[in-house]
Every structure is written in structure tokens, then in C-alpha cells.
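A short worksheet on the structure shown next.
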Amino acid sequence: MHNSNDPRVLPVRAGVSPSCVVTPSQGSGLLIDFLASRLPVVDRAGWQARMERGEVVDEHACPVTPDRPFVRGLRIYYYREIDDEACIPFEESVLYRDAHLVVADKPHFLPVVPTGRYLQHTLLVRLKRRLGLEELSPVHRIDRDTAGLVLFSVQRATRGRYQALFRDRAVDKTYEAVAPWRPELSFPLERASRIEESPQFFRMHEVPGEPNSLTRIDVLETAGAWARYRLSPVTGKRHQLRVHMDALGLPLRGDAFYPEVNDPPEGDFSRPLQLLARAIAFTDPVTGGARRFESRRQLEWPVGRGG
């Protein structure tokens, strides 16, 4: 399943691009039976209602009707909907926009792209609605829990050139974090390790083997038992900064996954992860000019007495 920005199939609606599912090489009956089985979050009656509204089409933009027989290898497009989506009561800001690039400053708790129980309250969908840019697409990601800078490509024609910057590690990324202060550690330091998926859902962990991740870490300032750190990831493994800091005995303040899972209930915004994508710099692959952007957000510093 994936999103499509092809307006010839279904147009972007309220900032949401159509999703796509492909029928398997074996099957029988009706397409509506396949959809109800493959995507049971929408029941058969729900699929029928969508079909009757003309909101389910094939790759040729032909409507998929309730009585249409199963066809192998067919791309079917539809709109993803969430009836009881939770509101994220924090606003993003746009720091920069031109014909090729949008730079957004994301709040904590807001996912970058639609996932799980979030659709309208995602950075991508909000920006599509706000800016009217149907082809907008992120060229990199940061965690929902992390605040700060996210770069978006405005048009398909130049998207690959911006994506290549991240693939080729031609981007200088700087984060800030608040974590415990350990005076016995000598800074600046580097953490290199092998990070892989943990058996525990959604977590990563360090394992023996050749390193596939590298982070440079320095101290910006200290205050009592806490310190504010500058983190410079050379690689981009999922949860890399959180895993590396935890491995050093410096778990990030407000982290709901490391060192142990302590995920707050939905709607509890009282413990934002103290991690901020502060700055990003690169040579623009389209204009050739030097680019540097900096978040206007701030972490909770110094840490209050109650912390």
C-alpha cells in the first residue's frame, strides 16, 4: 500500500493523496470482497458506500463498482479516512518556500506523514492544505516525538536531487537534546555502533557487529543534574540519537521508549521528548547556493526543580 500523487487517478482531497492497494496474482469473487478482506478497517458496507460515491477507482481511473469481478494485478485507489482521529493541538510553521523547497518547523507530537491513527493531523497533510501544493513530499523524516526542521520537495521534477543529498550524506544536520549530565564522560565524543530493530515493537537497539551508525556528541551547557547537548548524526538510522544517548547512560528527557517503554496515553502532551532538529545545511542541488536553516523552537531549559 502506498500513496499516489497522480491527479489522473483521484485528486488530492483536503490535503490527502489517494492510497493504493494492488490485487494479488490469485483470487476470485468480487473486488469489494478483496477490499473488505485486505483492508478490514473499512467493512463491506463502508466500501460499498465509497464505491457509490465514486471514491474507489482503478489505475485507468475507471470506477470500481460493488459488482465488479476480481482482477489480478490491478491497482485500486481510494481515500484513507479516520473517523475518530485525535487532535494534535500544536501548530507547525513554514520557515522557507520557493519553487522547489519548503522548510517546515515541526512541533513535538506531530507525525510527518500519515500513519496509524493520524491523517489530517500530520505535517504533510497540513502543509498540502495550507500551501495548496499537491505534489509536496518530505525528502527526509524525523520522529513524531521530535520537534524541528523537516524539508519538503515541492515538485517531482527536482525531488530526486534533494533526496540524493540525504542518501549521499551531503547534509550537515545538528540536533539539540536535554539529558542527564555525567561529568565522568569526556566530551566531545563519538558513538559508533550497529543498530538494528529490537524484538520489542518499534524499538531499536545496539548489537555486536560492524557499526552502521555514527553520532558526534558535545555539551552546550550544564545546569545541576542536566545538560544540553549538541548531537550531529553522520548516519540516519531510526531512533539513532535516542539509542546512542541511552547507551551512554544519557537517556533523553521525556523519552517514552528508551531506556524503557513508558508511552503516555493518547492526548497526554505533558512530557515532550527533549530532542530538537535545530539546524540543517547543504549545497542546493538546483541553484548551487549554500543553504542553512535553523529552527525557532526551544527545548525546556533549564530543567525546572520538579524535573
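Starting from 1 in every chain, residues are counted up; chains themselves are A, B, ... following the order of the C-alpha cells, and ligands are numbered from 1 as listed.
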Quick one: residues within 6 Å of segment 241-256 of chain A, only C-alpha atoms counted, chain neighbours fewer than 3 positions away excluded, as a list in words?
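The contact residues come out as Val178, Ala179, Pro180, Val261, Asn262, Asp263, Arg271, Pro272, Leu273 and Gln274 of chain A.
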For those residues, write N, CA, C and O atoms to a file as an mmCIF file, in the first residue's frame.
```cif
data_model
loop_
_atom_site.group_PDB
_atom_site.id
_atom_site.type_symbol
_atom_site.label_atom_id
_atom_site.label_comp_id
_atom_site.auth_asym_id
_atom_site.auth_seq_id
_atom_site.Cartn_x
_atom_site.Cartn_y
_atom_site.Cartn_z
ATOM 1 N N VAL A 178 18.192 17.457 25.679
ATOM 2 C CA VAL A 178 18.392 17.597 27.117
ATOM 3 C C VAL A 178 18.427 16.195 27.710
ATOM 4 O O VAL A 178 17.528 15.378 27.459
ATOM 5 N N ALA A 179 19.477 15.910 28.463
ATOM 6 C CA ALA A 179 19.682 14.585 29.045
ATOM 7 C C ALA A 179 20.505 14.743 30.315
ATOM 8 O O ALA A 179 21.054 15.821 30.595
ATOM 9 N N PRO A 180 20.627 13.682 31.117
ATOM 10 C CA PRO A 180 21.421 13.788 32.344
ATOM 11 C C PRO A 180 22.865 14.210 32.069
ATOM 12 O O PRO A 180 23.408 13.964 30.992
ATOM 13 N N VAL A 261 9.938 1.344 27.785
ATOM 14 C CA VAL A 261 8.712 1.876 27.190
ATOM 15 C C VAL A 261 7.818 2.435 28.288
ATOM 16 O O VAL A 261 7.461 1.736 29.239
ATOM 17 N N ASN A 262 7.481 3.697 28.142
ATOM 18 C CA ASN A 262 6.594 4.375 29.087
ATOM 19 C C ASN A 262 5.749 5.366 28.305
ATOM 20 O O ASN A 262 5.753 6.562 28.553
ATOM 21 N N ASP A 263 5.050 4.826 27.305
ATOM 22 C CA ASP A 263 4.299 5.646 26.369
ATOM 23 C C ASP A 263 3.101 6.280 27.073
ATOM 24 O O ASP A 263 2.289 5.566 27.674
ATOM 25 N N ARG A 271 4.820 15.403 28.529
ATOM 26 C CA ARG A 271 6.234 15.028 28.578
ATOM 27 C C ARG A 271 6.838 15.015 27.173
ATOM 28 O O ARG A 271 7.195 13.958 26.662
ATOM 29 N N PRO A 272 6.975 16.166 26.531
ATOM 30 C CA PRO A 272 7.572 16.162 25.187
ATOM 31 C C PRO A 272 9.021 15.695 25.214
ATOM 32 O O PRO A 272 9.779 16.055 26.126
ATOM 33 N N LEU A 273 9.384 14.877 24.262
ATOM 34 C CA LEU A 273 10.765 14.421 24.132
ATOM 35 C C LEU A 273 11.669 15.630 23.914
ATOM 36 O O LEU A 273 11.444 16.425 22.994
ATOM 37 N N GLN A 274 12.693 15.741 24.732
ATOM 38 C CA GLN A 274 13.580 16.908 24.637
ATOM 39 C C GLN A 274 14.660 16.672 23.574
ATOM 40 O O GLN A 274 15.857 16.541 23.869
#
```
Quick one: which segment 42-103 of chain A residues come within 12 Å of segment 128-134 of chain A, and what is the nearest atom pair for each with the distance in Å to one decimal, counting only C-alpha atoms, rows ordered by chain and ascending number, as a tab-separated table?
```
residue	atom	partner	partner_atom	distance
A:Glu91	CA	A:Arg130	CA	11.8
A:Glu92	CA	A:Arg130	CA	10.7
A:Ser93	CA	A:Arg130	CA	10.6
A:Val94	CA	A:Leu131	CA	9.7
A:Tyr96	CA	A:Leu131	CA	11.9
A:Arg97	CA	A:Leu131	CA	9.7
A:Asp98	CA	A:Leu131	CA	11.5
A:Ala99	CA	A:Leu133	CA	10.4
A:His100	CA	A:Leu133	CA	10.9
A:Leu101	CA	A:Leu133	CA	11.0
A:Val102	CA	A:Leu131	CA	9.8
```
Which is closest to His121 of chain A among A:Ile88, A:Val303, A:Ile142, A:Leu231, if we use only C-alpha atoms?
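Closest to His121 of chain A, using only C-alpha atoms: A:Ile88.
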Looking at only C-alpha atoms, which of A:Thr235, A:Gln48, A:Thr146, A:Ser295 is the one that sits closest to Asp105 of chain A?
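Nearest candidate to Asp105 of chain A out of A:Thr235, A:Gln48, A:Thr146, A:Ser295: A:Ser295.
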DSSP on the backbone: which residues in segment 61-109 of chain A end up as strand (DSSP E)? Give the answer as a ChimeraX atom specification.
/A:75-78,93-97,101-106
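Residues in contact with segment 218-224 of chain A at up to 10 Å, not including ones fewer than 2 positions away on its chain and judged by only C-alpha atoms, are Glu176, Ala177, Val178, Ala179, Pro180, Trp181, Arg182, Pro183, Ser186, Phe187, Pro188, Leu189, Glu190, Arg216, Trp226, Ala227, Arg228, Tyr229, Arg230, Leu231, Ser232, Trp301, Pro302, Val303 and Arg305 of chain A.
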Any chance you could export the current selection's N, CA, C and O atoms as a compact mmCIF listing (two decimals), in the first residue's frame?
```txt
# COMPACT_ATOMS: atom_id res chain seq x y z
N GLU A 176 19.63 19.27 19.04
CA GLU A 176 19.87 19.59 20.44
C GLU A 176 19.04 18.64 21.29
O GLU A 176 17.95 18.21 20.88
N ALA A 177 19.55 18.31 22.48
CA ALA A 177 18.84 17.41 23.37
C ALA A 177 19.14 17.77 24.81
O ALA A 177 20.21 18.31 25.13
N VAL A 178 18.19 17.46 25.68
CA VAL A 178 18.39 17.60 27.12
C VAL A 178 18.43 16.20 27.71
O VAL A 178 17.53 15.38 27.46
N ALA A 179 19.48 15.91 28.46
CA ALA A 179 19.68 14.59 29.05
C ALA A 179 20.51 14.74 30.32
O ALA A 179 21.05 15.82 30.60
N PRO A 180 20.63 13.68 31.12
CA PRO A 180 21.42 13.79 32.34
C PRO A 180 22.86 14.21 32.07
O PRO A 180 23.41 13.96 30.99
N TRP A 181 23.47 14.83 33.07
CA TRP A 181 24.88 15.24 32.98
C TRP A 181 25.73 14.20 33.70
O TRP A 181 25.48 13.86 34.85
N ARG A 182 26.72 13.67 32.97
CA ARG A 182 27.67 12.71 33.57
C ARG A 182 29.07 13.30 33.46
O ARG A 182 29.73 13.19 32.42
N PRO A 183 29.55 13.94 34.49
CA PRO A 183 30.85 14.62 34.42
C PRO A 183 32.02 13.68 34.18
O PRO A 183 33.09 14.13 33.75
N SER A 186 34.02 12.28 28.86
CA SER A 186 34.84 13.32 28.26
C SER A 186 34.25 13.72 26.91
O SER A 186 34.10 12.88 26.02
N PHE A 187 33.90 14.99 26.78
CA PHE A 187 33.30 15.50 25.54
C PHE A 187 34.26 16.45 24.86
O PHE A 187 35.07 17.11 25.53
N PRO A 188 34.17 16.59 23.52
CA PRO A 188 33.24 15.87 22.63
C PRO A 188 33.63 14.40 22.47
O PRO A 188 34.78 14.02 22.69
N LEU A 189 32.63 13.58 22.08
CA LEU A 189 32.89 12.17 21.86
C LEU A 189 32.07 11.69 20.66
O LEU A 189 31.18 12.39 20.19
N GLU A 190 32.40 10.50 20.19
CA GLU A 190 31.66 9.88 19.10
C GLU A 190 31.11 8.54 19.57
O GLU A 190 31.77 7.83 20.33
N ARG A 216 28.14 12.26 16.55
CA ARG A 216 29.09 13.10 17.27
C ARG A 216 28.31 13.87 18.34
O ARG A 216 27.26 14.45 18.06
N TRP A 226 21.45 18.09 34.91
CA TRP A 226 21.09 18.02 33.49
C TRP A 226 22.09 18.76 32.62
O TRP A 226 22.81 19.65 33.08
N ALA A 227 22.09 18.40 31.35
CA ALA A 227 22.94 19.09 30.36
C ALA A 227 22.17 19.22 29.06
O ALA A 227 21.26 18.44 28.76
N ARG A 228 22.55 20.24 28.32
CA ARG A 228 22.01 20.44 26.97
C ARG A 228 23.12 20.06 25.99
O ARG A 228 24.24 20.59 26.08
N TYR A 229 22.81 19.12 25.09
CA TYR A 229 23.81 18.54 24.21
C TYR A 229 23.58 18.94 22.75
O TYR A 229 22.43 19.17 22.33
N ARG A 230 24.67 18.99 22.01
CA ARG A 230 24.60 19.11 20.55
C ARG A 230 24.92 17.74 19.96
O ARG A 230 25.96 17.15 20.24
N LEU A 231 23.99 17.24 19.14
CA LEU A 231 24.13 15.92 18.53
C LEU A 231 24.23 16.10 17.02
O LEU A 231 23.38 16.76 16.41
N SER A 232 25.25 15.49 16.43
CA SER A 232 25.45 15.59 14.98
C SER A 232 25.48 14.17 14.39
O SER A 232 26.51 13.50 14.44
N TRP A 301 14.51 24.41 28.90
CA TRP A 301 15.82 24.61 29.52
C TRP A 301 15.88 25.97 30.18
O TRP A 301 15.41 26.95 29.59
N PRO A 302 16.46 26.05 31.40
CA PRO A 302 16.96 24.93 32.18
C PRO A 302 15.82 24.07 32.73
O PRO A 302 14.68 24.53 32.81
N VAL A 303 16.14 22.84 33.12
CA VAL A 303 15.14 21.94 33.65
C VAL A 303 14.68 22.45 35.01
O VAL A 303 15.49 22.85 35.85
N ARG A 305 12.87 22.63 38.80
CA ARG A 305 13.17 21.89 40.02
C ARG A 305 12.33 20.61 40.12
O ARG A 305 12.74 19.62 40.70
```
Any idea what's packed within 8 Å of segment 52-58 of chain A, counting only C-alpha atoms, ignoring anything in its chain fewer than 5 positions away? Could you give it as a ChimeraX atom specification?
/A:9-10,63-66,74-79
Would you save the residues from that selection as a PDB file, in the first residue's frame, using C-alpha atoms?
```
ATOM      1  CA  VAL A   9      -6.493   8.689 -10.876  1.00  0.00           C
ATOM      2  CA  LEU A  10      -8.003  10.515  -7.896  1.00  0.00           C
ATOM      3  CA  PRO A  63     -14.790   3.303 -11.120  1.00  0.00           C
ATOM      4  CA  VAL A  64     -14.659   0.130  -9.084  1.00  0.00           C
ATOM      5  CA  THR A  65     -18.322  -0.800  -8.586  1.00  0.00           C
ATOM      6  CA  PRO A  66     -19.738  -3.211  -5.981  1.00  0.00           C
ATOM      7  CA  LEU A  74      -4.952  -4.403 -10.546  1.00  0.00           C
ATOM      8  CA  ARG A  75      -4.068  -1.150  -8.775  1.00  0.00           C
ATOM      9  CA  ILE A  76      -7.032   0.195  -6.823  1.00  0.00           C
ATOM     10  CA  TYR A  77      -7.050   3.755  -5.497  1.00  0.00           C
ATOM     11  CA  TYR A  78      -9.122   5.049  -2.602  1.00  0.00           C
ATOM     12  CA  TYR A  79      -9.051   7.715   0.105  1.00  0.00           C
TER      13      TYR A  79
END
```
Using only C-alpha atoms, the best pick from A:Ala14, A:Ala192, A:Leu39, A:Leu30 as closest to Thr215 of chain A would be A:Ala192
